[in-house]
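Undergrad: Got a structure for you, questions after.
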Amino acid sequence: MAAKQDIWRPTDLLAAFRRVGFNPSLSKVAALWGNTPVTVRLDDLDRICQALQCTVADLLEAEPVADQQGGQKTHRVAAAGDERGPVRPVARIDGLRRRRPPN
C-alpha cells in the first residue's frame with residue numbers, strides 16, 4: 001500500500017502520517033515498517049488507513065487456524081457479511097507467550 005503512495009522509507013511514512021494528524025514517534029513508525037506488529041490500536045489503524053488511502057482489509061492478513069476436527073490449517077476470513085456470523089477469538093495452540101518484564 002505504501003508503494004502506491006510513493007512511500008519507500010519510514011521517514012516518508014512518518015510524513016504521510018503527519019499530513020493526516022497522526023504523530024507517532026519515528027521509532028514506532030520504523031517498527032511498523034520493518035515488522036509485523038503484534039497489536040495496533042484501532043484509532044491508529046484508522047489513521048494509518050487514512051494516510052495510505054486504503055481500507056483496513058487492505059492491511060490485514062488472515063492467520064491460519066487449525067480445524068477443530070482434522071487438524072488442517074485453514075484461513076478464516078474476517079469480513080462483514082460472512083454467512084457464519086462474527087469471527088470469534090481462538091485460543092493459541094502453539095504454546096504460551098513469554099511475558100515481557102514491566103517497563
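Going through the C-alpha cells in order, the chains are called A, B, and so on, while each chain numbers its residues from 1 and the ligands are numbered from 1 in the order shown.
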List as a list in words the protein and nucleic acid residues near Thr36 in chain A, meaning an atom at most 12 Å away when only C-alpha atoms are counted, but skip any in the same chain fewer than 5 places from it.

TA: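 Skipping anything fewer than 5 positions along the chain leaves Val29, Ala30, Ala31, Leu59, Leu60 and Glu61 of chain A.
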
Undergrad: Within 12 Å of Gln5 in chain A, counting only C-alpha atoms, which residues qualify if same-chain residues fewer than 3 places away don't, as number ranges by chain?

TA: A: 1-2, 8-9, 12-13, 15-17, 49-54

Undergrad: Counting only C-alpha atoms, which residue out of A:Phe22, A:Pro37, A:Pro102, A:Arg88 sits closest to Val65 in chain A?

TA: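 Closest residue, counting only C-alpha atoms: A:Arg88.
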
Undergrad: To one decimal in Å, tell me the separation between CA of Pro64 in chain A and CA of Asp44 in chain A.

TA: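 Pair CA of Pro64 in chain A / CA of Asp44 in chain A returns 24.8 Å.
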
Undergrad: From the options A:Ala62, A:Ala57, A:Ser27, A:Asp43, which residue's atoms come nearest to Leu14 in chain A, counting only C-alpha atoms?

TA: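 Nearest to Leu14 in chain A: A:Ser27.
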